[in-house]
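Down below is the structure, laid out as C-alpha cells.
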2 protein chains.
Amino acid sequence: MSEHSKYLLTDRQIPTAWVNVLPSLPEPLDPPLHPGTHAPLAPADLAPIFPMELIEQEFSPRPLIDIPGEIMDIYRLWRATPLYRARRLEKVLDTPAHIYYKYEGTSPAGSHKPNTAVAQAYYNKRAGIRRLATETGAGQWGSALALACQMFGMECTVYMVRVSYDQKPYRRMMMHSWGAQVFASPSTYTNAGRGVLAAHPDSPGSLGIAISEAVEDAATHSDTNYSLGSVLNHVMLHQTVIGQEARLQMQDAGEEPDVVIGCFGGGSNFGGLALPYVLDRFQGRGPRILAVEPAACPSLTRGKFTYDFGDTAKLTPLIKMYTLGHDFVPPGIHAGGLRYHGASPLLSHLVSLGHIEAKAYSQLPVFEAAVQFARTEAILPAPESSHAIRAAVDEALAAKQEGKPRVILFCLSGHGHFDLSAYENYLTGKLQDYEYPDKDVAEAMANI
Amino acid sequence: MSEHSKYLLTDRQIPTAWVNVLPSLPEPLDPPLHPGTHAPLAPADLAPIFPMELIEQEFSPRPLIDIPGEIMDIYRLWRATPLYRARRLEKVLDTPAHIYYKYEGTSPAGSHKPNTAVAQAYYNKRAGIRRLATETGAGQWGSALALACQMFGMECTVYMVRVSYDQKPYRRMMMHSWGAQVFASPSTYTNAGRGVLAAHPDSPGSLGIAISEAVEDAATHSDTNYSLGSVLNHVMLHQTVIGQEARLQMQDAGEEPDVVIGCFGGGSNFGGLALPYVLDRFQGRGPRILAVEPAACPSLTRGKFTYDFGDTAKLTPLIKMYTLGHDFVPPGIHAGGLRYHGASPLLSHLVSLGHIEAKAYSQLPVFEAAVQFARTEAILPAPESSHAIRAAVDEALAAKQEGKPRVILFCLSGHGHFDLSAYENYLTGKLQDYEYPDKDVAEAMANI
C-alpha cells in the first residue's frame, strides 16, 4: 500500500466545542459602535436582529463553547471533512514542499458555510424565530442557510447579489430546492434596495447592498431575524471546527504546518482554519498564517484599518476593520464570495498585530492554479478557494527555489460545480483579468 | 451521542479485488455474437477497440480479480464512499422500515462512474493506447472518463447525446476542465452521426447513436480505443467495489438488507451494489433485488429478452439482453443516464432467472421523492438516482402499511448539482410527465 494521501476522522473525533480566541487576544478588540450614537454597542442593541445566545457568543469570554447535540447531529451528516495531501500536485510542481488541504466541499451545500448556518438556524429556532433573512454573494452562503433552515423547519429569504444571481442560476435553484425564497439584490422589496436602484438602475449589486436589504427585512419583521455568513465573531467561532479537525488530521500525518493559508472575503473559512493555529502563535510558536484575497477587492492589502459600516445603507454597527469603504462596489469577478468591502474585525485585529499576512491575486493566475489543481487532484475547486490554491502553489515553488522542505496547509473551502462557466471562459481565453480598481476605491475610501 | 447515521471505512478496508459473478452463475450467459457473421464472438474480435486485459475480464472465469495498485491509488482519492442511514427521511415517512443508502456522489465527477473509468483508462494506457473515445448521456460517464484520462495523461473524446449537451452545459464544461474534447451527438464527425443527421436533422440523439459514433471513432484510429460506461461485464465487475463496501458497512450497522435497490439504465450502479448480494441468492439466501427504470425507457419491464445491437448503427456485437430495439430513441427525460434501449446482458440474464425484480416510474413521482430526500437528508440527488429513492420510499411505505420492519438499502449513485434546472422545472410545475412511448417502442421492437 502506498503512502497515505487522505486523513479521515471518526464521528467521535468531530470537535464537540468551538474554540473562542477572544479571551486569549494579546490586546482586546475595539468594540463595535452604534450606527446612530457612535457609542460602544450594548448586547441589547443587537437583539432586534439576532437571538441572545448568538449575541453572547459574539462577546463571549469563554475559551471553549460546547456544540449542542442538535447541531452535532447535523454536522455528522458530512463532518469530519477529509484532509488530503496533494501528492499529485506536489509531483507536477516538482517541489520539496508537502501540500495539505482541508476539503470543505463535501457538505451538501458544497462549502464550509453550513458549519455556521446550522448553528445560527438552531439558536434562532430556539429563540422562537420563524424566518431568517440573509444576503449571499456567489450563493454559497445562501445555499447553506437555505439548507439549515430546512433542517430546522424554518423559512429563509435570501437577497442574492445581482451579478451572481445572473451568473449562477444553479445556486439560486439549489436554494429553491431547499425551500428558500431568493431575490436579486438590489431588489424592490426594501427601502435600501429601492434607494440603490433609483441611483443606479443597472447596479450589479454588492454584498454591502444585499446586507442592507436583509438587515432591513429582519428589523422590520418581528418573526424574522438576520443571519450573516461571515465577518462576525460568532461566525468565526462556529467555523473553528475546520481548524480543530485539521490539527488532529495533521497530527495523524505526523507533520506541523509551516504556513496556513485560506482565501479571504469576510474571513470565515480562513478564520475557521487559522484561528486554532493563531492560539499557538500567542504562545510564541505556531505557523505563518496567510490570507489571500482578490486584487479586485483587496481590503486587507490596500484597505484602511478603521471604523466603517458593514453595509452600504449604514444600517449595521460601525466596525473597526480593514475596509475599502462601505459603498465600494467591486468588479464582478467570478469569486463572488470574496467581493466584500470589509473584513472580520477579529481577523483585521490579528492582521494589524502582525499575526496574519495578506496577499492579493488577480483572476487569471487564480484560474491557472484552479485548472492545474483540478487536473492533478481531481477536485474542481471554487474560484474563491482557488485563491488559496494559487498561494499554496507559490509557497511550494518558493520552497523549490530555496531547495528546502516546507509544510503547507490550506483550506479548500468549496467545490466549483456552479462555477463552470467561469472555467469555460478561462479555458477559451475569454476571462478578463480585473486590475486593482484604484479610482472606485479612492472614491469609496473618501466616504468612510 | 445519538445513534449512528453514517458508516465510514478506512483506506485499508477499501476492497482490493473486484467480485466476478460469471463463474457462479447457475446457468451460463448466452455469448455475444459477431455483428456480421452472427457467430459467437471470439475475444480477438474485440481487440480493435478494447485492450486485451479488459477483454479477458469480460469473459473471466476467476471469481475475484485483483485491483492494481495504480487504480487503488486513485480510488483512495474518494473511496470508501459513505453509507448513510436515512433517519430523517424515515421520520418524515413515519415508517418502521430502516432505509440505508450508499452515496457514490462524493467522487470528483459526482457519481459512481469513475470506479470503472479509472480502471478502463489504466488498462488502455498499459496497452499503449493514447486516446479513448466514448459516448455520454447525462454527462456523468463522460466526466468520469475525462477525469480518468487526465489522471493517466491520456486524451479523451466524448460524444454527448444532444439533448443533454443542450440541457446540461455544465457537464460539458466539466469535461473541458479535465481536458476532454466534447461533441454533440449525432455529430458530423462520423459516418454514423452524418447518417442520422441526414434522416433526422433535429435528432435529440440517444445513447445508441452516440455509441455508434464513439465505436466508429475508435475503430478507425489505431491509437484510439473505445470505452463504455455501462452494460458490459467488465464494467459491472469494476463497480462491485460499491456493493463490497456496502456489505462491510451494513455489518457495521448490524443489519442485513431485505431489499437492495438501484436505478437502472445500462445497469452499472445497480450491478455494482447488487452483484455481491446476488452471490448470496445463488446460495439460497440473500435479499430481494429491485431495479428501477424510467417509464419513458422501460427496457426491463416492457422490453424483449433477445439478441439485439448495443447501438443504432449496428456496429456493436449482438447481445442477448432486454431491449426496446436498437433504434429506439427515448423521450428527453432529465434522467439522461437512464435513456438506453438495452440493458447489461449479465443483469438481463439475472432478471430472466428471477433473481432481480424490475419496476418503472414516470418522471413526476421521481422528482417528488428527490425533493423530499433533499429536504430531509440534505443531499441533492441526481434524477437518475432519484428513481431508486422513489422505490425505496415506496418500500418504506409498504412496510408501514404492513406494520412490519423492513431493511432497505439503495444506491444513491450521484448528486444532482448539474440537474438543477430540472428541479426548478419541477418546483414551478413545468416538468412534463412522459408516458410510456408505446408507438415508438412498437416500431423499434419490430426492427430488432
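By convention here, the chains of the C-alpha cells are called A, B, ... in the order presented, each chain's residues are numbered starting at 1, and ligands are numbered starting at 1 in the order presented.
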### Selection near Pro96 in chain B, 12 Å with only C-alpha atoms, sequence-local residues under 3 positions removed, as a PyMOL selection string
chain B and resi 87+89-93+99+393+395-408
Tell me, counting only C-alpha atoms, for each residue of chain A within 9 Å of chain B, which pair of atoms is nearest and how far apart they are in Å to one decimal, in rows ordered by chain and increasing number, as a Markdown table.
```
| residue | atom | partner | partner_atom | distance |
| --- | --- | --- | --- | --- |
| A:Met1 | CA | B:Gly69 | CA | 7.4 |
| A:Ser2 | CA | B:Asp73 | CA | 7.3 |
| A:His4 | CA | B:Asp11 | CA | 8.5 |
| A:Ser5 | CA | B:Leu77 | CA | 7.6 |
| A:Lys6 | CA | B:Leu77 | CA | 7.1 |
| A:Leu8 | CA | B:Thr10 | CA | 7.8 |
| A:Thr10 | CA | B:Leu8 | CA | 7.8 |
| A:Asp11 | CA | B:Lys6 | CA | 8.3 |
| A:Arg12 | CA | B:Met1 | CA | 8.6 |
| A:Gly69 | CA | B:Met1 | CA | 7.4 |
| A:Met72 | CA | B:Met1 | CA | 8.7 |
| A:Asp73 | CA | B:Ser2 | CA | 7.3 |
| A:Arg76 | CA | B:Lys6 | CA | 7.6 |
| A:Leu77 | CA | B:Lys6 | CA | 7.1 |
| A:Trp78 | CA | B:Lys6 | CA | 8.7 |
| A:Tyr84 | CA | B:Leu77 | CA | 8.3 |
| A:Thr106 | CA | B:Thr106 | CA | 7.0 |
| A:Ser107 | CA | B:Ile379 | CA | 8.5 |
| A:Pro108 | CA | B:Ile379 | CA | 5.1 |
| A:Ala109 | CA | B:Ile379 | CA | 8.0 |
| A:Leu147 | CA | B:Ala378 | CA | 6.8 |
| A:Ala148 | CA | B:Ala378 | CA | 8.9 |
| A:Gln150 | CA | B:Arg375 | CA | 6.3 |
| A:Met151 | CA | B:Thr376 | CA | 6.8 |
| A:Pro169 | CA | B:Ser421 | CA | 8.6 |
| A:Tyr170 | CA | B:Leu420 | CA | 5.9 |
| A:Arg171 | CA | B:Leu420 | CA | 8.5 |
| A:Met173 | CA | B:Glu424 | CA | 5.9 |
| A:Met174 | CA | B:Leu420 | CA | 6.5 |
| A:His176 | CA | B:Glu424 | CA | 7.4 |
| A:Ser177 | CA | B:Tyr423 | CA | 6.7 |
| A:Trp178 | CA | B:Arg375 | CA | 5.8 |
| A:Gly179 | CA | B:Arg375 | CA | 7.9 |
| A:Val371 | CA | B:Ser177 | CA | 6.7 |
| A:Ala374 | CA | B:Trp178 | CA | 6.9 |
| A:Arg375 | CA | B:Trp178 | CA | 5.8 |
| A:Thr376 | CA | B:Met151 | CA | 6.8 |
| A:Glu377 | CA | B:Leu77 | CA | 8.2 |
| A:Ala378 | CA | B:Pro108 | CA | 5.9 |
| A:Ile379 | CA | B:Pro108 | CA | 5.1 |
| A:Leu380 | CA | B:Pro108 | CA | 7.2 |
| A:His417 | CA | B:His417 | CA | 6.8 |
| A:Phe418 | CA | B:His417 | CA | 7.7 |
| A:Asp419 | CA | B:Tyr170 | CA | 8.6 |
| A:Leu420 | CA | B:Tyr170 | CA | 5.9 |
| A:Ser421 | CA | B:Met173 | CA | 7.1 |
| A:Tyr423 | CA | B:Ser177 | CA | 6.7 |
| A:Glu424 | CA | B:Met173 | CA | 5.9 |
| A:Leu427 | CA | B:Ser177 | CA | 7.5 |
```
### Query
Out of A:Asn447, A:Gln283, A:Thr81, A:Thr224, which residue has the shortest atom-to-atom distance to Ala47 in chain A when counting only C-alpha atoms?
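Residue with the minimum atom-to-atom distance to Ala47 in chain A: A:Thr224.
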### Task
Identify, on the basis of only C-alpha atoms, every residue whose closest approach to Leu315 in chain A does not exceed 12 Å; exclude the query and any residue fewer than 4 positions from it along the same chain; express the result as an NGL selection string.
:A and (33-36 or 46 or 49 or 191-192 or 208-219 or 308-311 or 319 or 326)
Saved selection, atoms kept: N, CA and C atoms, as a tab-separated table (two decimals), in the first residue's frame:
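What landed in selection.tsv:
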```
chain	number	residue	atom	x	y	z
A	33	LEU	N	-19.48	50.00	17.30
A	33	LEU	CA	-20.15	51.23	17.76
A	33	LEU	C	-21.57	51.31	17.18
A	34	HIS	N	-22.45	51.92	17.95
A	34	HIS	CA	-23.83	52.09	17.50
A	34	HIS	C	-23.84	53.01	16.26
A	35	PRO	N	-24.57	52.63	15.20
A	35	PRO	CA	-24.52	53.41	13.96
A	35	PRO	C	-25.08	54.83	14.13
A	36	GLY	N	-25.98	55.02	15.10
A	36	GLY	CA	-26.54	56.35	15.32
A	36	GLY	C	-25.70	57.17	16.30
A	46	LEU	N	-28.29	44.63	19.64
A	46	LEU	CA	-28.34	43.65	18.55
A	46	LEU	C	-29.59	42.77	18.61
A	49	ILE	N	-32.27	41.88	15.77
A	49	ILE	CA	-31.99	41.06	14.59
A	49	ILE	C	-31.26	39.75	14.89
A	191	ASN	N	-36.46	49.33	1.28
A	191	ASN	CA	-36.08	50.73	1.05
A	191	ASN	C	-34.64	50.82	0.56
A	192	ALA	N	-33.78	50.02	1.20
A	192	ALA	CA	-32.36	50.05	0.83
A	192	ALA	C	-32.19	49.70	-0.65
A	208	GLY	N	-22.42	44.49	0.34
A	208	GLY	CA	-22.82	45.59	1.22
A	208	GLY	C	-24.28	45.97	1.02
A	209	ILE	N	-24.71	46.03	-0.24
A	209	ILE	CA	-26.10	46.38	-0.53
A	209	ILE	C	-27.04	45.27	-0.07
A	210	ALA	N	-26.67	44.03	-0.36
A	210	ALA	CA	-27.54	42.90	-0.03
A	210	ALA	C	-27.69	42.76	1.49
A	211	ILE	N	-26.61	43.08	2.22
A	211	ILE	CA	-26.69	43.06	3.69
A	211	ILE	C	-27.71	44.09	4.16
A	212	SER	N	-27.66	45.29	3.58
A	212	SER	CA	-28.63	46.33	3.96
A	212	SER	C	-30.05	45.82	3.78
A	213	GLU	N	-30.30	45.15	2.67
A	213	GLU	CA	-31.66	44.67	2.40
A	213	GLU	C	-32.09	43.61	3.42
A	214	ALA	N	-31.21	42.67	3.70
A	214	ALA	CA	-31.57	41.59	4.62
A	214	ALA	C	-31.75	42.12	6.04
A	215	VAL	N	-30.87	43.04	6.45
A	215	VAL	CA	-30.98	43.62	7.80
A	215	VAL	C	-32.31	44.38	7.91
A	216	GLU	N	-32.64	45.13	6.88
A	216	GLU	CA	-33.90	45.89	6.91
A	216	GLU	C	-35.10	44.94	6.99
A	217	ASP	N	-35.06	43.88	6.22
A	217	ASP	CA	-36.13	42.88	6.24
A	217	ASP	C	-36.31	42.33	7.66
A	218	ALA	N	-35.19	41.95	8.28
A	218	ALA	CA	-35.26	41.39	9.64
A	218	ALA	C	-35.73	42.43	10.66
A	219	ALA	N	-35.21	43.64	10.53
A	219	ALA	CA	-35.52	44.67	11.52
A	219	ALA	C	-36.98	45.08	11.45
A	308	ASP	N	-15.84	51.43	10.11
A	308	ASP	CA	-16.68	51.64	8.93
A	308	ASP	C	-17.95	50.80	9.10
A	309	PHE	N	-18.92	51.09	8.24
A	309	PHE	CA	-20.15	50.31	8.25
A	309	PHE	C	-19.95	48.98	7.52
A	310	GLY	N	-20.70	47.98	7.96
A	310	GLY	CA	-20.65	46.67	7.30
A	310	GLY	C	-21.48	46.64	6.04
A	311	ASP	N	-22.33	47.63	5.83
A	311	ASP	CA	-23.23	47.61	4.67
A	311	ASP	C	-23.27	48.99	4.03
A	319	ILE	N	-17.81	49.07	12.58
A	319	ILE	CA	-16.89	48.01	12.99
A	319	ILE	C	-15.47	48.47	12.67
A	326	HIS	N	-17.61	51.56	2.68
A	326	HIS	CA	-18.87	50.80	2.69
A	326	HIS	C	-19.67	50.95	1.41
```
### Message
Just want the 6 Å neighbourhood of range 383-391 of chain A, counted on only C-alpha atoms, with same-chain residues fewer than 3 positions away dropped. Output as a PyMOL selection string.
### Response
chain A and resi 262-263+335+366+369-370+394+412-413
Take the residues that were just selected and, keeping N, CA and C atoms, output them as a PDB file, in the first residue's frame.
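The resulting out27.pdb:
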```pdb
ATOM      1  N   GLY A 262      -5.642  30.514   3.636  1.00  0.00           N
ATOM      2  CA  GLY A 262      -7.053  30.465   3.273  1.00  0.00           C
ATOM      3  C   GLY A 262      -7.404  31.645   2.403  1.00  0.00           C
ATOM      4  N   CYS A 263      -8.432  31.477   1.550  1.00  0.00           N
ATOM      5  CA  CYS A 263      -8.913  32.624   0.800  1.00  0.00           C
ATOM      6  C   CYS A 263      -9.685  33.519   1.757  1.00  0.00           C
ATOM      7  N   ALA A 335     -15.156  35.058  -8.341  1.00  0.00           N
ATOM      8  CA  ALA A 335     -15.100  34.675  -6.928  1.00  0.00           C
ATOM      9  C   ALA A 335     -16.038  35.596  -6.152  1.00  0.00           C
ATOM     10  N   VAL A 366      -5.207  32.908 -10.659  1.00  0.00           N
ATOM     11  CA  VAL A 366      -6.025  32.074  -9.764  1.00  0.00           C
ATOM     12  C   VAL A 366      -6.654  30.923 -10.549  1.00  0.00           C
ATOM     13  N   ALA A 369      -4.159  28.245 -11.499  1.00  0.00           N
ATOM     14  CA  ALA A 369      -3.915  27.309 -10.395  1.00  0.00           C
ATOM     15  C   ALA A 369      -5.099  26.358 -10.213  1.00  0.00           C
ATOM     16  N   ALA A 370      -6.316  26.880 -10.414  1.00  0.00           N
ATOM     17  CA  ALA A 370      -7.516  26.045 -10.253  1.00  0.00           C
ATOM     18  C   ALA A 370      -7.499  24.886 -11.240  1.00  0.00           C
ATOM     19  N   ASP A 394       2.401  28.869  -4.990  1.00  0.00           N
ATOM     20  CA  ASP A 394       3.533  29.803  -4.950  1.00  0.00           C
ATOM     21  C   ASP A 394       4.437  29.534  -3.741  1.00  0.00           C
ATOM     22  N   LEU A 412      -9.453  24.243   1.283  1.00  0.00           N
ATOM     23  CA  LEU A 412     -10.190  24.186   0.024  1.00  0.00           C
ATOM     24  C   LEU A 412     -11.659  24.300   0.436  1.00  0.00           C
ATOM     25  N   SER A 413     -12.141  25.549   0.436  1.00  0.00           N
ATOM     26  CA  SER A 413     -13.403  25.824   1.118  1.00  0.00           C
ATOM     27  C   SER A 413     -14.634  25.314   0.385  1.00  0.00           C
TER      28      SER A 413
END
```
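One finds CA of Ser344 in chain B at 6.1 Å from CA of Leu232 in chain B.
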### Message
I need the residue nearest Tyr434 in chain A from this list: A:Pro51, A:Pro365, A:Pro68, A:Gly286. Use only C-alpha atoms for the distance.
### Response
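Among the listed residues, A:Pro365 lies closest to Tyr434 in chain A.
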### Query
Quick one: residues within 12 Å of Glu256 in chain B, only C-alpha atoms counted, chain neighbours fewer than 4 positions away excluded, as a ChimeraX atom specification?
/B:98-100,246-252,260,277,280,285-288,406-409
Among range 172-213 of chain A, which ones does DSSP place in strand (DSSP E or B), written as a compact mmCIF listing (two decimals) with C-alpha atoms, in the first residue's frame?
```
# COMPACT_ATOMS: atom_id res chain seq x y z
CA GLN A 181 -37.17 32.42 -1.34
CA VAL A 182 -34.48 34.25 -3.37
CA PHE A 183 -34.48 37.86 -4.58
CA ALA A 184 -31.87 39.53 -6.82
CA SER A 185 -30.29 42.42 -4.93
```
#### Entry: Within 9 Å of Lys359 in chain A using only C-alpha atoms, minus same-chain residues under 5 positions, as number ranges by chain
A: 290-295, 298, 300-301, 391
Emit the selected residues as a short mmCIF file (atom, residue, chain, number, x, y, z; two decimals), in the first residue's frame, including C-alpha atoms.
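Writing the result to again.cif gives the following:
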```cif
data_model
loop_
_atom_site.label_atom_id
_atom_site.label_comp_id
_atom_site.auth_asym_id
_atom_site.auth_seq_id
_atom_site.Cartn_x
_atom_site.Cartn_y
_atom_site.Cartn_z
CA LEU A 290 -1.58 33.85 5.12
CA ALA A 291 -4.88 35.36 3.94
CA VAL A 292 -5.42 35.52 0.18
CA GLU A 293 -7.82 37.99 -1.37
CA PRO A 294 -8.73 39.05 -4.92
CA ALA A 295 -6.86 42.06 -6.36
CA PRO A 298 -8.21 43.98 -1.70
CA LEU A 300 -6.56 43.61 3.74
CA THR A 301 -3.74 44.59 1.40
CA ALA A 391 -0.88 30.96 -2.85
#
```
### Spatial neighbours of Ala446 in chain B, max dist 10 Å, only C-alpha atoms, sep filter under 4 positions, as a PyMOL selection string
chain B and resi 324-325+440-442
### Among the residues B:Val161, B:Leu64, B:Met321, B:Val19, the one that comes closest to Leu273 in chain B [using only C-alpha atoms]
B:Val19
### Message
as JSON, numbers by chain, please: every residue in range 213-299 of chain B that DSSP puts in alpha helix (DSSP H).
### Response
{"B": [213, 214, 215, 216, 217, 218, 219, 233, 234, 235, 236, 237, 238, 239, 240, 241, 242, 243, 244, 245, 246, 247, 248, 249, 250, 251, 252, 253, 268, 269, 270, 271, 272, 273, 274, 275, 276, 277, 278, 279, 280, 281, 282, 299]}
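What separates CA of Ala444 in chain B from CA of Thr136 in chain B is a distance of 21.5 Å.
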